[in-house]
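Raw contents of run_36.tsv, TSV, C-alpha atoms:
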chain	number	residue	atom	x	y	z
A	35	MET	CA	0.00	0.00	0.00
A	36	GLU	CA	2.79	2.41	0.88
A	37	ASP	CA	4.57	1.68	-2.40
A	38	THR	CA	1.34	2.31	-4.30
A	39	SER	CA	0.72	5.65	-2.56
A	40	ILE	CA	4.34	6.73	-3.11
A	41	SER	CA	4.11	5.78	-6.78
A	42	ALA	CA	0.86	7.75	-7.18
A	43	SER	CA	2.35	10.75	-5.42
A	44	SER	CA	5.45	10.61	-7.60
A	45	GLN	CA	3.33	10.36	-10.75
A	46	HIS	CA	1.22	13.32	-9.66
A	47	HIS	CA	4.40	15.32	-8.97
A	48	ASP	CA	5.79	14.47	-12.42
A	49	GLU	CA	2.51	15.51	-14.07
A	50	SER	CA	2.59	18.82	-12.17
A	51	ASN	CA	6.15	19.48	-13.35
A	52	THR	CA	5.17	18.63	-16.93
A	53	ASP	CA	2.20	20.99	-16.78
A	54	ALA	CA	4.40	23.77	-15.39
A	55	LYS	CA	6.94	23.26	-18.19
A	56	ARG	CA	4.20	23.31	-20.81
A	57	ARG	CA	2.79	26.47	-19.26
A	58	LEU	CA	6.21	28.14	-19.32
A	59	LEU	CA	6.86	27.12	-22.92
A	60	SER	CA	3.43	28.39	-23.90
A	61	ILE	CA	4.18	31.75	-22.29
A	62	LEU	CA	7.53	31.94	-24.09
A	63	THR	CA	5.86	31.37	-27.45
A	64	ARG	CA	3.36	34.20	-26.81
A	65	LEU	CA	5.87	36.63	-25.28
A	66	HIS	CA	7.54	39.10	-27.65
A	67	ALA	CA	9.57	42.30	-27.40
A	68	GLY	CA	6.38	44.37	-27.55
A	69	PHE	CA	5.69	43.41	-23.92
A	70	PHE	CA	8.58	45.67	-22.89
A	71	ARG	CA	6.19	48.58	-23.49
A	72	ILE	CA	5.05	47.84	-19.94
A	73	SER	CA	8.54	48.36	-18.51
A	74	ILE	CA	9.05	51.52	-20.58
A	75	SER	CA	5.79	52.88	-19.16
A	76	LEU	CA	6.82	52.02	-15.60
A	77	GLY	CA	10.22	53.69	-16.06
A	78	ALA	CA	8.68	56.79	-17.64
A	79	GLN	CA	6.06	57.06	-14.90
A	80	ALA	CA	8.71	56.73	-12.17
A	81	LEU	CA	10.77	59.44	-13.88
A	82	LEU	CA	7.68	61.66	-14.06
A	83	TRP	CA	6.91	61.34	-10.35
A	84	LYS	CA	10.55	62.00	-9.51
A	85	LYS	CA	10.45	65.18	-11.58
A	86	LEU	CA	7.16	66.35	-10.07
A	87	GLY	CA	8.63	66.00	-6.61
A	88	LYS	CA	11.36	68.52	-7.50
A	89	LEU	CA	9.12	71.28	-8.89
A	90	THR	CA	9.12	74.59	-7.01
A	91	ILE	CA	5.52	75.69	-6.58
A	92	LYS	CA	4.33	78.86	-4.79
A	93	SER	CA	0.74	77.80	-4.23
A	94	LYS	CA	0.31	75.72	-1.03
A	95	ALA	CA	-2.46	73.58	-2.53
A	96	LEU	CA	-0.46	72.78	-5.64
A	97	ARG	CA	2.68	72.30	-3.54
A	98	PHE	CA	0.88	69.47	-1.70
A	99	VAL	CA	-0.07	67.83	-5.00
A	100	TYR	CA	3.41	68.15	-6.49
A	101	ARG	CA	5.46	67.32	-3.37
A	102	VAL	CA	3.58	64.94	-1.08
A	103	LEU	CA	2.00	62.64	-3.67
A	104	PRO	CA	5.15	62.08	-5.79
A	105	SER	CA	7.25	61.26	-2.75
A	106	THR	CA	4.80	58.51	-1.76
A	107	ALA	CA	4.53	57.04	-5.27
A	108	PHE	CA	8.01	57.31	-6.75
A	109	LEU	CA	9.85	54.55	-4.86
A	110	SER	CA	7.05	52.02	-5.25
A	111	LEU	CA	6.86	52.73	-8.98
A	112	TRP	CA	10.61	52.44	-9.44
A	113	TYR	CA	10.90	49.12	-7.62
A	114	LEU	CA	7.83	47.80	-9.43
A	115	GLY	CA	9.41	48.82	-12.73
A	116	PHE	CA	12.72	47.21	-11.77
A	117	GLY	CA	11.06	43.93	-10.79
A	118	THR	CA	8.89	43.87	-13.92
A	119	LEU	CA	11.89	44.54	-16.17
A	120	ILE	CA	13.91	41.79	-14.49
A	121	LEU	CA	11.05	39.32	-14.99
A	122	LEU	CA	10.47	40.27	-18.64
A	123	SER	CA	14.21	40.16	-19.36
A	124	LEU	CA	14.56	36.67	-17.87
A	125	LEU	CA	11.54	35.40	-19.80
A	126	TYR	CA	12.86	36.88	-23.03
A	127	LEU	CA	16.28	35.30	-22.45
A	128	LEU	CA	14.51	31.95	-22.06
A	129	ARG	CA	12.65	32.68	-25.29
A	130	CYS	CA	15.99	33.29	-27.01
A	131	PHE	CA	17.23	29.92	-25.71
A	132	PHE	CA	14.14	27.77	-26.42
A	133	HIS	CA	12.62	29.62	-29.40
A	134	PHE	CA	15.49	31.35	-31.12
A	135	HIS	CA	13.73	31.09	-34.49
A	136	MET	CA	10.95	33.33	-33.15
A	137	VAL	CA	13.44	35.91	-31.94
A	138	LYS	CA	15.14	35.77	-35.33
A	139	ALA	CA	11.74	36.35	-36.98
A	140	GLU	CA	11.27	39.46	-34.83
A	141	PHE	CA	14.71	40.72	-35.79
A	142	LEU	CA	13.98	40.30	-39.49
A	143	HIS	CA	10.48	41.81	-39.33
A	144	HIS	CA	10.20	45.51	-40.13
A	145	VAL	CA	7.89	46.08	-37.14
A	146	GLY	CA	9.18	43.55	-34.62
A	147	VAL	CA	12.79	44.72	-34.85
A	148	ASN	CA	11.84	48.18	-33.56
A	149	TYR	CA	10.72	46.82	-30.20
A	150	LEU	CA	14.07	45.13	-29.66
A	151	PHE	CA	15.10	48.64	-28.57
A	152	ALA	CA	12.48	48.59	-25.80
A	153	PRO	CA	14.40	46.59	-23.13
A	154	TRP	CA	17.41	48.91	-23.35
A	155	ILE	CA	15.22	52.03	-23.29
A	156	SER	CA	13.56	50.65	-20.15
A	157	TRP	CA	16.91	50.08	-18.42
A	158	LEU	CA	18.11	53.59	-19.33
A	159	LEU	CA	14.90	55.14	-17.96
A	160	LEU	CA	15.27	53.26	-14.68
A	161	LEU	CA	18.94	54.27	-14.57
A	162	GLN	CA	17.99	57.97	-14.87
A	163	SER	CA	15.31	57.71	-12.20
A	164	ALA	CA	17.30	55.51	-9.80
A	165	PRO	CA	16.59	56.73	-6.24
A	166	VAL	CA	19.89	56.44	-4.35
A	167	LEU	CA	21.95	53.41	-5.31
A	168	VAL	CA	23.05	54.61	-8.76
A	169	VAL	CA	23.61	58.32	-9.38
A	170	PRO	CA	25.33	60.23	-12.23
A	171	ASN	CA	29.07	60.87	-12.13
A	172	THR	CA	29.75	57.51	-10.49
A	173	VAL	CA	31.61	54.55	-11.98
A	174	SER	CA	28.57	52.29	-11.63
A	175	TYR	CA	26.39	54.75	-13.59
A	176	MET	CA	28.97	55.03	-16.39
A	177	VAL	CA	29.40	51.27	-16.67
A	178	LEU	CA	25.65	50.66	-16.73
A	179	TRP	CA	25.20	53.39	-19.35
A	180	TRP	CA	27.62	51.58	-21.66
A	181	VAL	CA	25.95	48.22	-20.98
A	182	PHE	CA	22.53	49.60	-21.92
A	183	ALA	CA	23.52	52.08	-24.65
A	184	LEU	CA	25.84	49.86	-26.68
A	185	PRO	CA	23.07	47.43	-27.82
A	186	LEU	CA	21.04	50.48	-28.90
A	187	MET	CA	23.91	51.70	-31.06
A	188	LEU	CA	24.43	48.28	-32.65
A	189	LEU	CA	20.73	47.96	-33.50
A	190	GLU	CA	20.75	51.45	-34.99
A	191	VAL	CA	23.69	50.59	-37.23
A	192	LYS	CA	21.67	47.63	-38.49
A	193	ILE	CA	18.40	49.52	-39.06
A	194	TYR	CA	19.69	52.87	-40.27
A	195	GLY	CA	22.35	51.21	-42.41
A	196	GLN	CA	19.87	49.09	-44.33
A	197	TRP	CA	17.69	52.11	-45.09
A	198	PHE	CA	20.25	53.61	-47.47
A	199	THR	CA	22.32	50.58	-48.49
A	200	THR	CA	19.68	47.88	-49.19
A	201	GLU	CA	17.36	48.15	-52.17
A	202	LYS	CA	14.55	45.98	-50.79
A	203	ARG	CA	14.51	47.40	-47.24
A	204	THR	CA	14.50	51.14	-47.86
A	205	LEU	CA	12.81	53.59	-45.52
A	206	SER	CA	10.00	54.32	-47.99
A	207	THR	CA	8.90	50.66	-47.86
A	208	MET	CA	9.72	49.81	-44.23
A	209	ALA	CA	8.66	52.99	-42.41
A	210	ASN	CA	5.82	52.69	-39.89
A	211	PRO	CA	4.99	54.47	-36.61
A	212	THR	CA	6.94	51.90	-34.57
A	213	SER	CA	10.12	52.97	-36.39
A	214	GLN	CA	10.16	55.91	-33.98
A	215	VAL	CA	11.04	53.61	-31.07
A	216	SER	CA	14.65	53.59	-32.27
A	217	VAL	CA	14.62	57.39	-32.33
A	218	ILE	CA	13.26	57.49	-28.77
A	219	GLY	CA	16.14	55.22	-27.79
A	220	ASN	CA	18.60	57.79	-29.13
A	221	PHE	CA	17.04	60.60	-27.10
A	222	VAL	CA	16.80	58.52	-23.90
A	223	GLY	CA	20.46	57.52	-24.26
A	224	ALA	CA	21.45	61.14	-24.96
A	225	ARG	CA	19.69	62.36	-21.82
A	226	ALA	CA	21.32	59.66	-19.70
A	227	ALA	CA	24.75	60.63	-21.06
A	228	ALA	CA	24.14	64.34	-20.50
A	229	LEU	CA	23.21	63.74	-16.85
A	230	MET	CA	26.70	62.43	-16.12
A	231	GLY	CA	28.41	65.22	-18.08
A	232	TRP	CA	29.24	63.30	-21.26
A	233	LYS	CA	28.04	66.04	-23.59
A	234	GLU	CA	29.94	64.80	-26.64
A	235	SER	CA	28.28	61.38	-26.43
A	236	ALA	CA	24.95	63.04	-25.69
A	237	VAL	CA	25.18	65.35	-28.70
A	238	CYS	CA	26.21	62.42	-30.91
A	239	LEU	CA	23.16	60.34	-29.95
A	240	PHE	CA	20.89	63.38	-30.05
A	241	SER	CA	21.99	64.36	-33.57
A	242	LEU	CA	21.40	60.81	-34.88
A	243	GLY	CA	17.95	60.72	-33.30
A	244	LEU	CA	17.01	64.19	-34.54
A	245	VAL	CA	18.00	63.59	-38.17
A	246	HIS	CA	16.27	60.24	-38.39
A	247	TYR	CA	13.15	61.55	-36.65
A	248	LEU	CA	12.85	64.36	-39.20
A	249	VAL	CA	13.27	61.90	-42.07
A	250	LEU	CA	10.77	59.47	-40.50
A	251	PHE	CA	8.28	62.21	-39.72
A	252	ILE	CA	8.31	63.50	-43.30
A	253	THR	CA	8.07	59.99	-44.73
A	254	LEU	CA	5.13	59.02	-42.52
A	255	TYR	CA	3.47	62.43	-42.84
A	256	GLN	CA	3.26	62.08	-46.63
A	257	HIS	CA	1.71	58.60	-46.44
A	258	LEU	CA	3.88	57.29	-49.25
A	259	SER	CA	2.26	54.46	-51.17
A	260	GLY	CA	5.08	52.08	-50.32
A	261	CYS	CA	4.84	52.61	-46.55
A	262	SER	CA	3.54	49.71	-44.50
A	263	HIS	CA	0.02	50.29	-43.23
A	264	LEU	CA	-0.95	49.08	-39.77
A	265	PRO	CA	-4.11	47.13	-38.92
A	266	THR	CA	-6.88	49.04	-37.16
A	267	MET	CA	-6.28	47.39	-33.78
A	268	LEU	CA	-2.67	48.65	-33.77
A	269	ARG	CA	-3.52	52.34	-34.06
A	270	PRO	CA	-2.45	53.17	-30.46
A	271	VAL	CA	1.14	53.24	-31.77
A	272	PHE	CA	0.27	56.58	-33.41
A	273	PHE	CA	0.97	58.06	-29.96
A	274	LEU	CA	4.66	57.51	-30.72
A	275	PHE	CA	4.43	60.55	-33.01
A	276	PHE	CA	4.54	62.93	-30.03
A	277	ALA	CA	6.66	60.68	-27.79
A	278	ALA	CA	9.81	61.32	-29.84
A	279	PRO	CA	9.73	65.17	-29.79
A	280	SER	CA	8.79	65.12	-26.08
A	281	MET	CA	11.86	63.01	-25.32
A	282	ALA	CA	13.93	65.22	-27.63
A	283	SER	CA	12.88	68.24	-25.56
A	284	LEU	CA	14.01	66.52	-22.36
A	285	ALA	CA	17.29	65.36	-23.90
A	286	TRP	CA	18.20	68.80	-25.22
A	287	THR	CA	17.34	70.39	-21.86
A	288	SER	CA	19.85	68.07	-20.17
A	289	ILE	CA	22.48	68.81	-22.84
A	290	SER	CA	22.08	72.61	-22.85
A	291	GLY	CA	21.42	72.92	-19.13
A	292	SER	CA	18.19	74.90	-19.54
A	293	PHE	CA	14.79	74.66	-21.19
A	294	ASP	CA	15.78	76.98	-24.04
A	295	THR	CA	14.08	77.83	-27.32
A	296	ALA	CA	14.98	74.52	-28.99
A	297	SER	CA	13.47	72.59	-26.07
A	298	LYS	CA	10.33	74.70	-26.21
A	299	MET	CA	9.98	74.12	-29.95
A	300	SER	CA	10.15	70.36	-29.46
A	301	PHE	CA	7.65	70.54	-26.62
A	302	PHE	CA	5.20	72.65	-28.63
A	303	LEU	CA	5.48	70.23	-31.56
A	304	SER	CA	4.78	67.25	-29.33
A	305	PHE	CA	1.81	68.99	-27.70
A	306	PHE	CA	0.41	69.93	-31.13
A	307	LEU	CA	0.70	66.32	-32.34
A	308	PHE	CA	-0.96	65.12	-29.14
A	309	MET	CA	-3.89	67.50	-29.68
A	310	CYS	CA	-4.21	66.32	-33.29
A	311	LEU	CA	-4.65	62.75	-32.05
A	312	ALA	CA	-6.79	63.67	-29.02
A	313	CYS	CA	-9.25	65.50	-31.27
A	314	ARG	CA	-9.80	62.35	-33.30
A	315	PRO	CA	-11.08	59.71	-30.83
A	316	ALA	CA	-12.88	57.88	-33.64
A	317	LEU	CA	-9.45	56.92	-35.00
A	318	PHE	CA	-8.92	54.66	-31.97
A	319	LYS	CA	-12.51	53.47	-31.47
A	320	LYS	CA	-12.13	50.11	-33.23
A	321	SER	CA	-8.78	49.40	-31.60
A	322	MET	CA	-10.39	49.76	-28.14
A	323	ARG	CA	-12.94	46.98	-28.61
A	324	ARG	CA	-10.63	44.24	-27.33
A	325	PHE	CA	-7.83	44.69	-24.80
A	326	SER	CA	-4.35	44.12	-26.20
A	327	ILE	CA	-0.77	44.68	-25.11
A	328	VAL	CA	-0.71	47.38	-27.81
A	329	TRP	CA	-2.75	49.60	-25.47
A	330	TRP	CA	0.45	50.23	-23.49
A	331	ALA	CA	1.52	52.46	-26.38
A	332	TYR	CA	-0.83	55.06	-24.87
A	333	SER	CA	1.04	55.28	-21.58
A	334	PHE	CA	4.71	56.19	-21.97
A	335	PRO	CA	4.18	58.85	-24.70
A	336	LEU	CA	1.82	60.65	-22.30
A	337	SER	CA	4.42	60.35	-19.52
A	338	PHE	CA	7.11	61.85	-21.77
A	339	LEU	CA	4.77	64.70	-22.71
A	340	ALA	CA	3.96	65.35	-19.04
A	341	LEU	CA	7.69	65.34	-18.24
A	342	ALA	CA	8.37	67.90	-20.97
A	343	SER	CA	5.50	70.06	-19.71
A	344	ALA	CA	6.97	69.88	-16.17
A	345	GLU	CA	10.29	71.18	-17.51
A	346	TYR	CA	8.40	73.92	-19.34
A	347	ALA	CA	6.49	74.88	-16.19
A	348	GLN	CA	9.75	75.00	-14.24
A	349	GLU	CA	11.17	77.44	-16.80
A	350	VAL	CA	8.12	79.66	-17.36
A	351	ARG	CA	6.78	79.57	-13.75
A	352	GLY	CA	3.27	80.59	-14.77
A	353	TYR	CA	-0.04	79.22	-13.52
A	354	THR	CA	-1.09	78.27	-17.06
A	355	ALA	CA	2.03	76.14	-17.54
A	356	ILE	CA	1.59	74.58	-14.08
A	357	GLY	CA	-2.07	73.84	-14.82
A	358	LEU	CA	-1.08	72.20	-18.10
A	359	THR	CA	1.49	70.06	-16.29
A	360	LEU	CA	-1.11	69.05	-13.71
A	361	ALA	CA	-3.64	68.12	-16.40
A	362	LEU	CA	-1.15	66.07	-18.40
A	363	SER	CA	0.22	64.40	-15.27
A	364	VAL	CA	-3.27	63.40	-14.13
A	365	LEU	CA	-4.11	62.10	-17.61
A	366	SER	CA	-0.86	60.14	-17.71
A	367	ALA	CA	-1.49	58.64	-14.27
A	368	VAL	CA	-5.11	57.70	-15.07
A	369	VAL	CA	-4.09	55.96	-18.30
A	370	PHE	CA	-1.14	54.25	-16.59
A	371	TYR	CA	-3.05	52.87	-13.60
A	372	GLY	CA	-5.99	51.95	-15.82
A	373	LEU	CA	-3.68	49.87	-18.00
A	374	ILE	CA	-2.24	48.18	-14.91
A	375	LEU	CA	-5.75	47.09	-13.88
A	376	PHE	CA	-6.63	45.90	-17.37
A	377	THR	CA	-3.37	43.95	-17.62
A	378	ALA	CA	-3.78	42.41	-14.16
A	379	PHE	CA	-7.24	41.06	-15.02
A	380	ARG	CA	-6.39	40.02	-18.59
A	381	THR	CA	-2.93	38.49	-18.21
A	382	ASP	CA	-4.12	34.99	-19.11
A	383	SER	CA	-5.79	36.19	-22.29
A	384	LEU	CA	-2.73	38.22	-23.32
A	385	LEU	CA	-0.43	35.21	-22.99
A	386	GLY	CA	-2.99	32.71	-24.18
A	387	GLU	CA	-4.03	34.15	-27.52
A	388	LYS	CA	-2.16	33.36	-30.70
A	389	ARG	CA	-0.78	36.50	-32.27
A	390	SER	CA	0.48	37.16	-35.75
A	391	LEU	CA	3.89	38.66	-36.40
A	392	PRO	CA	2.66	42.17	-37.31
A	393	GLU	CA	1.18	42.44	-33.81
A	394	PHE	CA	4.68	43.03	-32.46
A	395	CYS	CA	3.54	46.66	-32.67
Encoding of this model in structure tokens:
Amino acid sequence: MEDTSISASSQHHDESNTDAKRRLLSILTRLHAGFFRISISLGAQALLWKKLGKLTIKSKALRFVYRVLPSTAFLSLWYLGFGTLILLSLLYLLRCFFHFHMVKAEFLHHVGVNYLFAPWISWLLLLQSAPVLVVPNTVSYMVLWWVFALPLMLLEVKIYGQWFTTEKRTLSTMANPTSQVSVIGNFVGARAAALMGWKESAVCLFSLGLVHYLVLFITLYQHLSGCSHLPTMLRPVFFLFFAAPSMASLAWTSISGSFDTASKMSFFLSFFLFMCLACRPALFKKSMRRFSIVWWAYSFPLSFLALASAEYAQEVRGYTAIGLTLALSVLSAVVFYGLILFTAFRTDSLLGEKRSLPEFC
């Protein structure tokens, strides 16, 4: 009897292990680089709360909003972002080991390859918003910057190089809104370099990002016949149009040391593009019918825009600018926490549905 019970227990244990392995392998097949939008959003939101906590406000009521609330939210957001990024990175490494052909397919796809920048952008955002352990002008910060920035540079050489050296993969045929993720990576890396005083490296990355954003913007703005069109459900990625100039405004502010005219021009452009999209809710109506990981494309562009508006309010010191920062910050927080709730309740469906390659957006 004892041998029978032990055998049954052992068989049940083996079946449990098999089910767990199958579950893990199933998750790895559904996971793709687009999931790192979550970690980018967490890093951007942590950076936003850190910035809001440093604003100098005269009004006592607004001072409570901008000082007390950020100080209570920043650390929890940063550690949540750090833990989420560690988890996603480990899962994606396992995907590279068990399903390398899928990772290769992402790398070769004109949409999927853009989100291979997302993990490194997430790490750089967390590096800039690190609370105490890692600060600029330290050896650890410099080493980590190289670790996170070097893969960005290598990916850019691959993508930008093929645009003007390969006949079949030119910008006019491969351009899509997700192509701006690589540009955002340039600006995030430039800001991180500027914070530790490496202005030459910062200007180098900023100039690459600026030139390619202008070329991309013009290409996408003209709707060239060869450009790849996105399915209706992927329209949230249009928010990347104002994410890039918002990040450019922040990067140039760190390089120049002040929110000067160039920073203001980038901020005004990003706000104008945001208003163009906000005034057309019907554009996103069909994409909102079913929850998707693509919805996270709403979050971090709004956080970047709120960050740029906070820098603008710090420079102008007017109640209109402060009110705009408050409105954008509230909107960013509402969208961010709403997406957390949606994701928490729909995790099984996100990792359980079969997705086609273009949905790497």
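Every protein or nucleic acid residue with an atom no more than 12 Å from A:Gly372, counting only C-alpha atoms and leaving out same-chain residues fewer than 5 positions away, appears here: A:Phe325, A:Trp329, A:Trp330, A:Tyr332, A:Ser333, A:Val364, A:Leu365, A:Ser366, A:Ala367, A:Thr377, A:Ala378, A:Phe379.
Closest to A:Trp179 among A:Leu360, A:Val222, A:Cys130, A:Ala277 is A:Val222, based on only C-alpha atoms.
Minimum distance to A:Ile61 across A:Arg203, A:Lys84, A:Arg324, A:Arg129 (counting all atoms listed in the file) occurs at A:Arg129.
Going from atom CA of A:Leu159 over to atom CA of A:Thr287, you cover 15.9 Å.
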- [ ] Dig up all the protein and nucleic acid residues within 10 Å of (4.2, 60.0, -34.5) in the file frame, using all atoms listed in the file, and format them as JSON, numbers by chain.
- [x] {"A": [210, 211, 212, 213, 214, 215, 247, 250, 251, 254, 255, 271, 272, 273, 274, 275, 276, 277, 278, 279, 304, 307, 308, 311, 335]}
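Taking all atoms listed in the file into account, A:Thr295 lies nearest to A:Glu349 out of the set A:Gly195, A:Ala312, A:Leu178, A:Glu349.
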Item to check | Contacts of A:Ala227 within 12 Å, all atoms listed in the file, excl. fewer than 2 positions in-chain, as a PyMOL selection string | outcome: chain A and resi 158-159+161-162+169-171+175-180+182-183+220-225+229-240+285-286+288-289
Residue with the minimum atom-to-atom distance to A:Gly243, picked from A:Leu186, A:Ala316, A:Met322, A:Leu336 with all atoms listed in the file counted, is A:Leu186
Just the residues within 12 Å of A:Ser110, please, counting all atoms listed in the file, with nothing from its chain fewer than 2 positions along; format it as a list in words. Leu76, Gly77, Gln79, Ala80, Leu81, Trp83, Lys84, Leu103, Pro104, Ser105, Thr106, Ala107, Phe108, Trp112, Tyr113, Leu114, Gly115, Phe116, Gly117, Ala164 and Pro165 of chain A
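Between A:Ser337 and the candidates A:Thr118, A:Leu86, A:Val245, A:Leu109, the tightest atom-to-atom separation, counting all atoms listed in the file, involves A:Leu86.
When atom CA of A:Leu362 is paired with atom CA of A:Ala340, their separation reads 5.2 Å.
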